[in-house]
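Encoded as structure tokens, the structure appears first; notes follow it.
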Amino acid sequence: MQTLLLNGSTLNDEYAQRLLRLVIALFSESGTPPQVINLEELRIADCTGCFGCWTRTPGECAIHDDAPTVTAQMAHAERIVFFCPVVFGGFAPELKRMIERSISLLLPFMRVYRGESHHPARYGRQYELCGIGILTRPDPEAAASFRERLRRLSLNFNGILFSAGTLVRGSTLDSAQIREIINVREDV
Amino acid sequence: MKRIKTALILCGSPKRERSTSRELGAYLARRLEAGGVKTVERSCVPRDTLLAEVGDADLLVLSLPLYADGIPARMKETLMRIAVAKLGPKYCAALVQSGFLESAHNDTAIEMCRLFARDAGFTWLGGLGRGAGGVLAGRPLEQAPPPLRGTREALDRAAELLALGEPFSPEVNQAFRVQPLPRWLYAGAADLGFVVQLLKNGRLLSMFKKPYR
């Protein structure tokens with residue numbers, strides 16, 4: 001399975017980098033190592049909500065920075081891993097910004113999927129999403145929100161299965177726990 | 001119960017014009033003003049005075065569009081700055097709207113707004129979510145078509161509750177969430193709107209283009 005990992009943590013975050021190395025090693029156990037993109041190193045502007053990627057240059061964002069290159073890699077991936085500190089129960093802004101800029105992976109039209117309106121996938125892909133979040137302290141509410149966040153995003157990415165979990169910053173890096181986050185997949 | 005004297009409405013939309021979130025926030029601001037609450041509206045464009053202005057307000061209302069199932073990135077950065085600033089006791093509420101028909105899409109973002117309020121030390125008064133943003137399409141709510149009368153009435157009542165520092169009632173929540181149109185009509189109109197835009201831009205034949213195949 002072709003896995004793309006979007007790293008929304010900062011490179012000077014020592015705990016995140018140690019965790020990231022372990023996550024990469026665990027994904028590599030089951031096949032090809034994931035392709036890792038460090039978003040901090042890229043120039044990615046805010047989405048302006050213009051919908052140009054749907055109506056002016058279909059499939060391509062009108063803003064010419066590093067985001068379209070990442071979107072192209074997302075288009076080819078089978079599994080996308082979102083890795084970042086948890087902020088208010090969701091993604092860190094650096095990662096969230098990239099996700100917003102990738103809506104060209106979807107078509108503008110509405111269709112019913114799992115009982116709700118959603119946009120169909122431009123590439124006909126049913127991406128499998130995985131979320132790994134870092135909490136600043138034990139926080140069951142934020143952990144539950146992060147998991148639900150992944151489920152909702154999976155629905156909008158036309159996914160069937162997703163996996164998500166959180167670790168508390170400073171906690172021992174336990175391979176078994178991380179393996180469980182990665183491998184225990186749930187239906188959306 | 002505490003009478004609110006000052007409010008700040010923070011709009012999370014990056015759009016400069018035709019922003020539904022801005023119009024919903026602006027309508028709420030007018031209702032709060034009518035109820036005697038001095039209200040200012042601000043966007044998330046970085047500015048030196050924002051933290052002080054939020055600090056001066058008794059009530060902070062977040063009005064935002066759903067972006068990829070969550071709070072827009074730039075707004076999230078603004079909220080992070082507010083949360084760490086520890087601005088003292090304050091009330092907080094949120095209005096979240098999306099272009100999907102069903103308001104359930106907004107629930108995750110509302111929960112994130114609640115967690116922001118918790119982390120900032122603010123008292124959470126609730127979040128209202130509505131779908132079908134395309135029906136309002138950035139017009140002032142007073143000019144909205146009849147299907148949005150319920151939204152207007154819900155915001156009128158929401159403003160009364162906020163002015164008293166009281167949480168949104170289940171009735172207000174429910175009235176705000178009501179789908180203004182049947183699914184087939186909203187989806188059909190939305191799809192037609194995109195087709196018209198594609199036609200105007202000369203891109204109709206490439207609407208399914210896969211540039212990264």
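FYI, nothing fancy with the structure tokens labels: chains A, B, ... in order, residues from 1 per chain, ligands from 1 as they appear.
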Test item: chain A residues at most 8 Å from chain B, counting only C-alpha atoms, as a short mmCIF file (atom, residue, chain, number, x, y, z; two decimals) with C-alpha atoms, in the first residue's frame:
data_model
loop_
_atom_site.label_atom_id
_atom_site.label_comp_id
_atom_site.auth_asym_id
_atom_site.auth_seq_id
_atom_site.Cartn_x
_atom_site.Cartn_y
_atom_site.Cartn_z
CA ASP A 46 -4.23 29.86 3.30
CA CYS A 47 -7.11 28.62 1.16
CA THR A 48 -9.12 31.67 0.11
CA GLY A 49 -12.36 29.77 -0.50
CA CYS A 50 -12.44 30.89 -4.15
CA TRP A 54 -13.42 23.44 -9.05
CA THR A 55 -14.56 26.07 -11.54
CA ARG A 56 -11.59 27.90 -13.14
CA THR A 57 -8.76 25.37 -13.29
CA PRO A 58 -10.53 22.08 -12.46
CA GLY A 59 -8.38 19.83 -10.30
CA GLU A 60 -5.67 22.44 -9.71
CA ALA A 72 -0.45 15.64 -6.45
CA ALA A 75 -3.80 12.00 -5.35
CA HIS A 76 -1.47 9.04 -5.90
CA PHE A 88 -8.45 22.03 20.26
CA GLY A 89 -9.22 18.39 19.44
CA GLY A 90 -8.20 18.76 15.79
CA PRO A 93 -2.87 24.71 11.69
CA GLU A 94 0.08 23.76 9.43
CA LYS A 96 -5.06 21.83 8.49
CA ARG A 97 -3.95 24.45 5.96
CA ILE A 99 -5.86 19.72 3.92
CA GLU A 100 -7.89 22.82 3.03
CA ILE A 103 -10.07 20.00 -1.97
CA LEU A 107 -15.42 17.19 -7.35
CA PRO A 108 -17.75 20.12 -6.65
CA PHE A 109 -20.93 18.14 -7.06
CA MET A 110 -23.06 16.73 -4.26
CA ARG A 111 -24.00 13.12 -3.85
CA GLU A 116 -25.25 12.61 4.02
CA SER A 117 -24.26 14.97 1.23
CA HIS A 118 -20.61 14.64 0.24
CA ARG A 122 -12.04 13.30 -8.50
CA TYR A 123 -9.68 10.34 -8.83
CA ALA A 142 -9.56 16.23 22.88
CA SER A 145 -12.59 14.89 19.18
CA GLU A 148 -14.15 11.92 15.37
CA ARG A 149 -12.24 14.46 13.28
CA ARG A 152 -15.51 12.89 9.43
CA LEU A 153 -12.55 13.62 7.17
#
> Any idea what the distance is between CA of Asn38 (chain A) and CA of Gly8 (chain A)?
Replying inline: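 Taking CA of Asn38 (chain A) and CA of Gly8 (chain A), their separation equals 6.8 Å.
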> Out of region 11-87 of chain A, which residues get alpha helix (DSSP H) from DSSP, as a ChimeraX atom specification?
Replying inline: /A:14-29,52-55,67-76
Dump as a PDB file, in the first residue's frame, selection limited to C-alpha atoms:
ATOM      1  CA  GLU A  14      12.003  16.529  19.829  1.00  0.00           C
ATOM      2  CA  TYR A  15       9.224  14.280  21.136  1.00  0.00           C
ATOM      3  CA  ALA A  16       7.324  14.517  17.851  1.00  0.00           C
ATOM      4  CA  GLN A  17      10.433  13.687  15.844  1.00  0.00           C
ATOM      5  CA  ARG A  18      11.197  10.620  17.974  1.00  0.00           C
ATOM      6  CA  LEU A  19       7.594   9.476  17.627  1.00  0.00           C
ATOM      7  CA  LEU A  20       7.687  10.144  13.902  1.00  0.00           C
ATOM      8  CA  ARG A  21      10.766   7.945  13.452  1.00  0.00           C
ATOM      9  CA  LEU A  22       9.009   5.111  15.259  1.00  0.00           C
ATOM     10  CA  VAL A  23       5.825   5.576  13.227  1.00  0.00           C
ATOM     11  CA  ILE A  24       7.838   5.423   9.990  1.00  0.00           C
ATOM     12  CA  ALA A  25       9.566   2.244  11.165  1.00  0.00           C
ATOM     13  CA  LEU A  26       6.256   0.594  12.052  1.00  0.00           C
ATOM     14  CA  PHE A  27       4.661   1.477   8.718  1.00  0.00           C
ATOM     15  CA  SER A  28       7.764   0.129   6.974  1.00  0.00           C
ATOM     16  CA  GLU A  29       7.274  -3.267   8.658  1.00  0.00           C
ATOM     17  CA  GLY A  52     -11.100  28.115  -8.466  1.00  0.00           C
ATOM     18  CA  CYS A  53      -9.880  24.499  -8.218  1.00  0.00           C
ATOM     19  CA  TRP A  54     -13.425  23.436  -9.046  1.00  0.00           C
ATOM     20  CA  THR A  55     -14.563  26.068 -11.544  1.00  0.00           C
ATOM     21  CA  ALA A  67       0.560  22.979  -1.901  1.00  0.00           C
ATOM     22  CA  PRO A  68      -0.260  21.686  -5.422  1.00  0.00           C
ATOM     23  CA  THR A  69       2.830  19.433  -5.320  1.00  0.00           C
ATOM     24  CA  VAL A  70       1.604  17.910  -2.061  1.00  0.00           C
ATOM     25  CA  THR A  71      -1.908  17.545  -3.472  1.00  0.00           C
ATOM     26  CA  ALA A  72      -0.454  15.640  -6.446  1.00  0.00           C
ATOM     27  CA  GLN A  73       1.223  13.230  -4.033  1.00  0.00           C
ATOM     28  CA  MET A  74      -2.018  12.848  -2.094  1.00  0.00           C
ATOM     29  CA  ALA A  75      -3.799  12.001  -5.351  1.00  0.00           C
ATOM     30  CA  HIS A  76      -1.471   9.038  -5.896  1.00  0.00           C
TER      31      HIS A  76
END
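Counting from CA of Pro85 (chain A), the distance to CA of Leu135 (chain A) is 6.2 Å.
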